[in-house]
>>> print(open('start_33.txt').read())   # compact mmCIF, C-alpha atoms
# COMPACT_ATOMS: atom_id res chain seq x y z
CA TYR A 10 -105.32 -57.79 45.88
CA ALA A 11 -103.65 -61.18 45.51
CA VAL A 12 -100.92 -59.84 43.21
CA CYS A 13 -100.26 -56.93 45.57
CA ARG A 14 -100.10 -59.26 48.59
CA ILE A 15 -97.65 -61.60 46.89
CA ALA A 16 -95.45 -58.67 45.78
CA LEU A 17 -95.35 -57.30 49.33
CA LEU A 18 -94.55 -60.74 50.72
CA VAL A 19 -91.67 -61.22 48.27
CA ALA A 20 -90.34 -57.73 49.05
CA GLY A 21 -90.47 -58.52 52.77
CA VAL A 22 -88.56 -61.77 52.34
CA ILE A 23 -85.92 -60.05 50.17
CA CYS A 24 -85.45 -57.28 52.75
CA ALA A 25 -85.18 -59.83 55.57
CA THR A 26 -82.58 -61.86 53.65
CA ALA A 27 -80.55 -58.77 52.73
CA GLY A 28 -80.74 -57.43 56.27
CA GLY A 29 -79.57 -60.69 57.81
CA THR A 30 -76.69 -60.92 55.33
CA LEU A 31 -75.54 -57.36 56.07
CA LEU A 32 -75.71 -57.98 59.82
CA TYR A 33 -73.49 -61.05 59.45
CA ILE A 34 -70.97 -59.19 57.25
CA GLY A 35 -70.91 -56.19 59.58
CA GLU A 36 -70.33 -58.27 62.69
CA SER A 37 -67.55 -60.15 60.90
CA GLN A 38 -65.89 -56.84 60.02
CA ARG A 39 -66.14 -55.70 63.63
CA LEU A 40 -64.63 -58.91 64.98
CA SER A 41 -61.72 -58.77 62.53
CA VAL A 42 -60.48 -55.49 64.06
CA ALA A 43 -61.78 -55.71 67.63
CA SER A 44 -58.46 -57.06 68.97
CA LEU A 45 -56.19 -54.61 67.10
CA VAL A 46 -54.25 -52.07 69.18
CA PRO A 47 -52.42 -49.78 66.72
CA GLY A 48 -50.78 -47.74 69.51
CA SER A 49 -49.00 -50.87 70.73
CA ASP A 50 -48.50 -52.64 67.41
CA PHE A 51 -46.80 -49.70 65.64
CA ALA A 52 -44.27 -46.98 66.45
CA ALA A 53 -43.58 -43.75 64.57
CA VAL A 54 -40.39 -43.71 62.50
CA PRO A 55 -38.06 -40.89 63.71
CA GLY A 56 -37.64 -38.27 61.00
CA GLY A 57 -40.55 -39.58 58.94
CA CYS A 58 -40.37 -40.92 55.40
CA GLU A 59 -39.86 -39.48 51.93
CA ILE A 60 -42.09 -40.34 48.97
CA LEU A 61 -39.75 -41.56 46.19
CA GLY A 62 -42.18 -42.70 43.50
CA LEU A 63 -45.83 -43.05 42.48
CA GLU A 64 -47.55 -45.86 40.60
CA HIS A 65 -51.05 -45.39 39.21
CA GLY A 66 -53.74 -47.69 37.87
CA GLN A 67 -57.47 -47.45 37.32
CA GLU A 68 -60.34 -49.89 37.52
CA GLU A 69 -64.02 -49.95 36.65
CA ARG A 70 -65.92 -51.82 39.31
CA ARG A 71 -69.35 -53.29 38.77
CA GLU A 72 -70.86 -53.91 42.15
CA GLN A 73 -74.19 -55.25 43.31
CA GLN A 74 -75.58 -52.72 45.78
CA TRP A 75 -78.81 -52.66 47.74
CA VAL A 76 -80.97 -49.68 46.75
CA GLY A 77 -83.86 -49.98 49.18
CA CYS A 78 -84.80 -53.64 48.99
CA GLU A 79 -83.61 -54.08 45.40
CA ARG A 80 -80.17 -55.14 44.23
CA GLN A 81 -78.81 -53.01 41.38
CA THR A 82 -75.56 -53.06 39.40
CA VAL A 83 -73.58 -49.84 39.84
CA VAL A 84 -70.50 -48.99 37.73
CA GLU A 85 -67.82 -46.91 39.49
CA CYS A 86 -64.39 -45.69 38.39
CA TRP A 87 -61.62 -46.06 40.96
CA ASP A 88 -58.05 -44.76 40.76
CA ARG A 89 -55.42 -46.97 42.41
CA TRP A 90 -52.23 -45.51 43.85
CA TRP A 91 -49.10 -47.12 45.28
CA TYR A 92 -46.22 -45.20 46.79
CA GLU A 93 -42.55 -46.06 47.09
CA PHE A 94 -41.11 -44.43 50.18
CA ARG A 95 -37.97 -44.48 52.28
CA GLY A 96 -37.66 -44.54 56.03
CA LYS A 97 -34.62 -45.43 58.17
CA GLU A 98 -32.64 -46.14 54.99
CA VAL A 99 -35.18 -48.76 53.91
CA SER A 100 -37.12 -48.26 50.65
CA VAL A 101 -40.45 -50.06 50.52
CA ARG A 102 -43.78 -49.99 48.69
CA SER A 103 -47.01 -49.00 50.34
CA ARG A 104 -50.31 -50.76 50.22
CA GLU A 105 -52.81 -49.70 47.57
CA GLU A 106 -54.80 -46.52 48.06
CA ALA A 107 -58.12 -46.61 46.20
CA VAL A 108 -59.79 -43.29 45.38
CA LYS A 109 -63.21 -43.18 43.73
CA ARG A 110 -63.10 -40.86 40.72
CA ARG A 111 -66.75 -40.94 39.68
CA VAL A 112 -69.84 -43.06 39.22
CA GLY A 113 -69.62 -44.43 35.70
CA GLN A 114 -66.82 -45.27 33.27
CA CYS A 115 -63.21 -44.12 33.74
CA VAL A 116 -62.88 -40.94 31.66
CA GLY A 117 -60.99 -37.75 32.34
CA ASP A 118 -58.13 -37.05 34.72
CA PRO A 119 -57.48 -39.36 37.66
CA ALA A 120 -58.46 -38.45 41.18
CA PRO A 121 -55.28 -37.46 43.05
CA GLY A 122 -53.86 -39.66 45.75
CA ARG A 123 -52.92 -38.58 49.25
CA PHE A 124 -49.17 -38.21 48.63
CA SER A 125 -46.97 -36.56 46.00
CA MET A 126 -43.41 -37.07 44.77
CA GLY A 127 -40.77 -35.82 47.17
CA GLN A 128 -43.23 -35.26 50.02
CA GLN A 129 -42.07 -35.82 53.60
CA ALA A 130 -44.67 -37.90 55.41
CA THR A 131 -45.20 -39.27 58.87
CA CYS A 132 -44.73 -43.03 58.82
CA TRP A 133 -44.88 -46.01 61.15
CA ARG A 134 -43.18 -49.37 61.52
CA ALA A 135 -44.49 -52.55 63.08
CA VAL A 136 -43.08 -53.22 66.54
CA ALA A 137 -43.04 -56.94 65.73
CA THR A 138 -43.86 -58.94 62.63
CA PRO A 139 -45.93 -60.57 61.36
CA VAL A 140 -48.93 -58.38 62.17
CA PRO A 141 -52.64 -59.22 61.73
CA ALA A 142 -53.72 -59.18 58.08
CA ALA A 143 -56.29 -56.45 58.78
CA TYR A 144 -53.44 -53.91 58.92
CA ASN A 145 -52.79 -54.45 55.18
CA CYS A 146 -49.13 -53.43 55.25
CA GLY A 147 -48.08 -53.71 51.61
CA ASN A 148 -44.50 -54.76 52.45
CA PRO A 149 -42.93 -57.54 54.59
CA GLN A 150 -41.42 -55.14 57.14
CA CYS A 151 -44.82 -53.45 57.57
CA PHE A 152 -43.67 -49.88 57.19
CA LYS A 153 -46.75 -47.70 56.73
CA ILE A 154 -47.41 -44.17 55.50
CA PHE A 155 -51.11 -44.57 56.29
CA ASP A 156 -51.90 -44.03 59.97
CA PRO A 157 -52.78 -47.49 61.39
CA GLN A 158 -55.12 -45.89 63.94
CA ASP A 159 -57.11 -44.22 61.16
CA GLU A 160 -57.24 -47.49 59.24
CA VAL A 161 -58.66 -49.36 62.23
CA SER A 162 -61.22 -46.60 62.83
CA THR A 163 -62.26 -46.79 59.17
CA LEU A 164 -62.71 -50.56 59.37
CA LEU A 165 -64.78 -50.26 62.55
CA GLY A 166 -66.90 -47.53 60.98
CA ARG A 167 -67.45 -49.68 57.92
CA GLY A 168 -68.61 -52.57 60.10
CA ASP A 169 -70.92 -50.29 62.10
CA GLY A 170 -72.41 -48.89 58.90
CA THR A 171 -73.02 -52.34 57.48
CA VAL A 172 -74.73 -53.46 60.69
CA GLU A 173 -76.85 -50.30 60.70
CA ASN A 174 -77.97 -50.86 57.10
CA GLY A 175 -78.80 -54.47 57.93
CA GLY A 176 -80.91 -53.33 60.88
CA ILE A 177 -82.79 -50.86 58.67
CA LEU A 178 -83.59 -53.56 56.13
CA LEU A 179 -84.75 -55.93 58.86
CA GLY A 180 -86.99 -53.15 60.20
CA VAL A 181 -88.50 -52.66 56.74
CA ALA A 182 -89.00 -56.41 56.44
CA ALA A 183 -90.75 -56.52 59.83
CA VAL A 184 -93.14 -53.75 58.81
CA LEU A 185 -93.91 -55.43 55.49
CA LEU A 186 -94.36 -58.94 56.86
CA CYS A 187 -96.04 -58.12 60.19
CA VAL A 188 -98.13 -55.07 59.31
CA VAL A 189 -98.54 -54.40 55.60
CA VAL A 190 -99.03 -57.98 54.38
CA PRO A 191 -101.62 -58.86 57.09
CA ALA A 192 -103.44 -55.62 56.29
CA ALA A 193 -103.46 -56.55 52.60
CA VAL A 194 -104.82 -60.01 53.46
CA ALA A 195 -107.60 -58.44 55.57
CA LEU A 196 -108.53 -56.07 52.74
CA GLU A 197 -108.60 -58.98 50.29
CA ARG A 198 -110.93 -60.99 52.55
CA ARG A 199 -113.18 -57.99 53.11
CA ALA A 200 -113.42 -57.41 49.36
CA LYS A 201 -114.33 -61.07 48.81
CA ARG A 202 -117.05 -60.95 51.48
CA ARG A 203 -118.44 -57.75 49.99
CA ALA A 204 -118.48 -59.28 46.52
CA ALA A 205 -120.15 -62.44 47.85
CA GLY A 206 -122.83 -60.37 49.66
CA LYS A 207 -123.54 -58.36 46.55
CA CYS A 208 -123.96 -61.50 44.48
CA GLY A 209 -126.34 -62.96 47.10
CA SER A 210 -128.50 -59.81 47.08
CA GLU A 211 -128.80 -59.89 43.32
CA GLN A 212 -129.96 -63.51 43.41
CA GLU A 213 -132.81 -62.69 45.85
CA VAL A 214 -134.41 -60.11 43.51
CA PRO A 215 -137.66 -61.69 41.99
CA ALA A 216 -137.83 -62.08 38.26
CA ALA A 217 -140.03 -59.63 36.33
CA GLY A 218 -143.57 -60.90 35.54
CA GLY A 219 -143.60 -63.42 38.39
CA PRO A 220 -146.68 -64.28 40.53
CA VAL A 221 -148.16 -61.44 42.59
>>> encode(input="start_33.txt", output="structure tokens")
Amino acid sequence: YAVCRIALLVAGVICATAGGTLLYIGESQRLSVASLVPGSDFAAVPGGCEILGLEHGQEERREQQWVGCERQTVVECWDRWWYEFRGKEVSVRSREEAVKRRVGQCVGDPAPGRFSMGQQATCWRAVATPVPAAYNCGNPQCFKIFDPQDEVSTLLGRGDGTVENGGILLGVAAVLLCVVVPAAVALERRAKRRAAGKCGSEQEVPAAGGPV
């Protein structure tokens, strides 16, 4: 019982710590994009942009991820794409686009990016520079072929998901620390009392051959 109680207590503390950390990270992500207004900060480029070139790289990432209340190392293969594009007679380079190829080592063909050579794409330019770093422009003029509104929505969704996961872990921690661990302590005490009562009963039995 004691080993089980200690294990549950440790698991509860780990879940509480992980949950609190995720809540903090999620709220920070939310705050970093809460003041962004893509519709006012960017304007569509008339005529769009043409994709002039592609640059590719790949990367194996080893990340610590929470699986339940346990941190595990997960290896993932990511393809990295950059695009050179032209809009309003200005040729610039995009920010990186990361596409997850698979879980595990980088083998086989790369996962395709969003754009291809010669493609005509909708693009945007910053109304004024500099812009907040959360927009991740990729070039000083902040021309973008990735919709800034979609990028902000993705960042908000990421923050919401992180907060939600933190809340789940805190809920698990609350159940472990406030319900399961006290129940385990009660069972341990009950077992000790039962064992003590049994020992007392055995001591009261008269020895064989004693006085009648």
>>> residues_around(input="start_33.txt", residues="range 118-127 of chain A", least_positions_apart="2", cutoff="12 Å", atoms="only C-alpha atoms", output="PyMOL selection string")
chain A and resi 58-68+86-95+103+105-111+114-116+129-131+154-155
>>> closest_residue(input="start_33.txt", among="A:Gly176, A:Gly113, A:Pro157, A:Pro191", to="Gly48 in chain A", atoms="all atoms listed in the file")
A:Pro157
>>> atom_distance(input="start_33.txt", atom1="CA of Leu18 in chain A", atom2="CA of Ile177 in chain A")
17.3 Å
>>> closest_residue(input="start_33.txt", among="A:Ala25, A:Val161, A:Val136, A:Asp169", to="Ala183 in chain A", atoms="all atoms listed in the file")
A:Ala25
>>> atom_distance(input="start_33.txt", atom1="CA of Ile23 in chain A", atom2="CA of Arg71 in chain A")
21.2 Å
>>> residues_around(input="start_33.txt", residues="Cys24 in chain A", least_positions_apart="4", cutoff="10 Å", atoms="only C-alpha atoms", output="VMD selection string")
chain A and resid 18 to 20 28 to 30 75 77 to 79 175 177 to 183 185 to 186
>>> write_last_selection(input="start_33.txt", atoms="C-alpha atoms", output="PDB file, keeping the file's coordinate frame")
ATOM      1  CA  LEU A  18     -94.550 -60.740  50.720  1.00  0.00           C
ATOM      2  CA  VAL A  19     -91.670 -61.220  48.270  1.00  0.00           C
ATOM      3  CA  ALA A  20     -90.340 -57.730  49.050  1.00  0.00           C
ATOM      4  CA  GLY A  28     -80.740 -57.430  56.270  1.00  0.00           C
ATOM      5  CA  GLY A  29     -79.570 -60.690  57.810  1.00  0.00           C
ATOM      6  CA  THR A  30     -76.690 -60.920  55.330  1.00  0.00           C
ATOM      7  CA  TRP A  75     -78.810 -52.660  47.740  1.00  0.00           C
ATOM      8  CA  GLY A  77     -83.860 -49.980  49.180  1.00  0.00           C
ATOM      9  CA  CYS A  78     -84.800 -53.640  48.990  1.00  0.00           C
ATOM     10  CA  GLU A  79     -83.610 -54.080  45.400  1.00  0.00           C
ATOM     11  CA  GLY A 175     -78.800 -54.470  57.930  1.00  0.00           C
ATOM     12  CA  ILE A 177     -82.790 -50.860  58.670  1.00  0.00           C
ATOM     13  CA  LEU A 178     -83.590 -53.560  56.130  1.00  0.00           C
ATOM     14  CA  LEU A 179     -84.750 -55.930  58.860  1.00  0.00           C
ATOM     15  CA  GLY A 180     -86.990 -53.150  60.200  1.00  0.00           C
ATOM     16  CA  VAL A 181     -88.500 -52.660  56.740  1.00  0.00           C
ATOM     17  CA  ALA A 182     -89.000 -56.410  56.440  1.00  0.00           C
ATOM     18  CA  ALA A 183     -90.750 -56.520  59.830  1.00  0.00           C
ATOM     19  CA  LEU A 185     -93.910 -55.430  55.490  1.00  0.00           C
ATOM     20  CA  LEU A 186     -94.360 -58.940  56.860  1.00  0.00           C
TER      21      LEU A 186
END
>>> atom_distance(input="start_33.txt", atom1="CA of Asp156 in chain A", atom2="CA of Val84 in chain A")
29.4 Å
>>> closest_residue(input="start_33.txt", among="A:Glu173, A:Glu85, A:Val184, A:Trp133", to="Val22 in chain A", atoms="only C-alpha atoms")
A:Val184
>>> residues_around(input="start_33.txt", residues="Ser37 in chain A", least_positions_apart="2", cutoff="12 Å", atoms="only C-alpha atoms", output="ChimeraX atom specification")
/A:30-35,39-43,164-165,167-169,171-172
>>> closest_residue(input="start_33.txt", among="A:Gly96, A:Pro55, A:Val194, A:Asn174", to="Cys151 in chain A", atoms="all atoms listed in the file")
A:Gly96
>>> axis_aligned_box(input="start_33.txt", around="range 23-38 of chain A", padding_each_side="6 Å", output="AutoDock Vina command-line options")
--center_x -75.9 --center_y -59.0 --center_z 56.4 --size_x 32.0 --size_y 17.7 --size_z 24.5
>>> closest_residue(input="start_33.txt", among="A:Ile15, A:Ala27, A:Val54, A:Leu45", to="Arg134 in chain A", atoms="only C-alpha atoms")
A:Val54
>>> build_atoms(input="start_33.txt", residues="range 22-34 of chain A", atoms="N, CA and C atoms", output="CSV table (one decimal), in the coordinates of the input")
chain,number,residue,atom,x,y,z
A,22,VAL,N,-89.5,-60.7,52.2
A,22,VAL,CA,-88.6,-61.8,52.3
A,22,VAL,C,-87.2,-61.3,51.8
A,23,ILE,N,-87.2,-60.5,50.7
A,23,ILE,CA,-85.9,-60.0,50.2
A,23,ILE,C,-85.2,-59.1,51.2
A,24,CYS,N,-86.0,-58.2,51.8
A,24,CYS,CA,-85.4,-57.3,52.8
A,24,CYS,C,-84.9,-58.0,54.0
A,25,ALA,N,-85.6,-59.1,54.4
A,25,ALA,CA,-85.2,-59.8,55.6
A,25,ALA,C,-83.9,-60.6,55.2
A,26,THR,N,-83.8,-61.1,54.1
A,26,THR,CA,-82.6,-61.9,53.6
A,26,THR,C,-81.4,-60.9,53.5
A,27,ALA,N,-81.6,-59.8,52.9
A,27,ALA,CA,-80.6,-58.8,52.7
A,27,ALA,C,-80.1,-58.2,54.1
A,28,GLY,N,-81.1,-57.9,55.0
A,28,GLY,CA,-80.7,-57.4,56.3
A,28,GLY,C,-79.9,-58.4,57.1
A,29,GLY,N,-80.3,-59.7,57.1
A,29,GLY,CA,-79.6,-60.7,57.8
A,29,GLY,C,-78.2,-60.8,57.3
A,30,THR,N,-78.0,-60.8,55.9
A,30,THR,CA,-76.7,-60.9,55.3
A,30,THR,C,-75.8,-59.8,55.7
A,31,LEU,N,-76.3,-58.5,55.7
A,31,LEU,CA,-75.5,-57.4,56.1
A,31,LEU,C,-75.2,-57.4,57.5
A,32,LEU,N,-76.1,-57.9,58.4
A,32,LEU,CA,-75.7,-58.0,59.8
A,32,LEU,C,-74.5,-58.9,60.0
A,33,TYR,N,-74.6,-60.1,59.3
A,33,TYR,CA,-73.5,-61.0,59.4
A,33,TYR,C,-72.2,-60.5,59.0
A,34,ILE,N,-72.2,-59.8,57.8
A,34,ILE,CA,-71.0,-59.2,57.2
A,34,ILE,C,-70.4,-58.1,58.2
